[in-house]
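First the structure, in the form of structure tokens, and then the observations on it.
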Amino acid sequence: MLTPDQLVALTPEEIGTHLSGPPETRAAFVRAAADAGMADAQAVYGQMLLDGAGVARDPAAALGWFTRAAAQHHVMGINMVGRCYDLGWGTAPDKMRAAECYRIAAEAGLDWGMYNYATLLALGHGVAEDKVAALNWFRKAAALGNAKAINFIGSFHEDGWVVPRDLAAAALCYARAAQGGDFRGAFNHARMLGAAGKIEDAIGWLRRAGATATPAFVDKAAAWLAACDIAAFRARGGQAIRGTTC
């Protein structure tokens, strides 16, 4: 195992060599760097523990590593402590604590902190509901290219929250979010295309949405498609988002 002094002395090429091996080798290298006190490595190792990437999945241990990174003012570490408390990963859910972590990360300039904090503000989870403040944070995250924030801004325009209802503006946001890789944005973009009669384009975006969406989202989306008033969606939408033949 490398000592802290050896880790610090590694060249970028040597680090790349350590990270190019099998998952277990990568995890061991990142763990060594985390043990040496490197905040970036602590945050990355926490994510590995959450994902079970090269190590056994252990959300409680992941929270411990995120907390150690956060103690060094690592902004993503702070955000991930918030995620753990938000979603109950390795601890009991605590929306108020999650919101505080997100706020700190947002104010430090992290787009994911902005998005996560804005989401809690929009829903009134852990903080008083404040859609005006939520939209402002979503816009800041969107300006940094956060596709999920762009999608949520589309929802504001579609539903008339804070801003006047504007389906054209919503459609533009959903298209940008879809192109940015957000599966919710891809689904919403498909909805708008279907409503405009662009069925084949819509089916294509449904497939792309399903390819990266969570199983829970796929199930919810498929149920919506089965009941919607667009005949082609009822006939083919569920198969498209589940990635089966249509």
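Letters A, B, ... mark the chains of the structure tokens in the order given; residue numbers begin at 1 per chain; ligand numbers begin at 1, in order shown.
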Quiz item: Which neighbours of Asp201 (chain A) fall inside 10 Å, counting only C-alpha atoms, when residues of the same chain fewer than 6 positions from it are skipped, and could you give them as JSON, numbers by chain?
Solution: {"A": [189, 190, 193, 194]}
Residue selection dump (C-alpha atoms) as an mmCIF file, in the first residue's frame:
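Once everything was written out, this is again32.cif:
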data_model
loop_
_atom_site.group_PDB
_atom_site.id
_atom_site.type_symbol
_atom_site.label_atom_id
_atom_site.label_comp_id
_atom_site.auth_asym_id
_atom_site.auth_seq_id
_atom_site.Cartn_x
_atom_site.Cartn_y
_atom_site.Cartn_z
ATOM 1 C CA HIS A 189 -39.629 16.455 -24.385
ATOM 2 C CA ALA A 190 -41.346 13.343 -25.759
ATOM 3 C CA LEU A 193 -43.427 16.256 -29.270
ATOM 4 C CA GLY A 194 -46.354 13.865 -29.038
#
Quiz prompt | DSSP alpha helix (DSSP H) residues within chain A, listed as a count of residues only | solution = 178
Quiz prompt | Interatomic distance (Å, one decimal) between CA of Glu100 (chain A) and CA of Val127 (chain A) | solution =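 Those two atoms sit 8.9 Å apart.
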Quiz prompt | Distance of CA of Asp51 (chain A) from CA of Gly210 (chain A), expressed in Å to one decimal place | solution =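 Rounded to one decimal, the two atoms are 20.2 Å apart.
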Exercise. Give me, please, the distance in Å between CA of Ala134 (chain A) and CA of Ile150 (chain A), quoted to one decimal.
Key: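 If I compute the distance from CA of Ala134 (chain A) to CA of Ile150 (chain A), I get 12.3 Å.
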What are the closest atom pairs, with distances in Å to one decimal, for all residues of region 2-82 of chain A lying within 9 Å of region 103-115 of chain A? Consider only C-alpha atoms, order rows by chain and residue number, and present the result as a Markdown table.
| residue | atom | partner | partner_atom | distance |
| --- | --- | --- | --- | --- |
| A:His74 | CA | A:Ala105 | CA | 8.9 |
| A:Val75 | CA | A:Ala105 | CA | 5.5 |
| A:Met76 | CA | A:Ala105 | CA | 7.1 |
| A:Gly77 | CA | A:Ala105 | CA | 8.8 |
| A:Ile78 | CA | A:Ala105 | CA | 6.2 |
| A:Asn79 | CA | A:Ala105 | CA | 5.7 |
| A:Met80 | CA | A:Gly113 | CA | 8.9 |
| A:Gly82 | CA | A:Gly113 | CA | 8.8 |
Self-check item: Residues within 12 Å of Pro93 (chain A), only C-alpha atoms, excluding chain neighbours under 6 positions, as a ChimeraX atom specification
Solution: /A:81-87,99,125-126
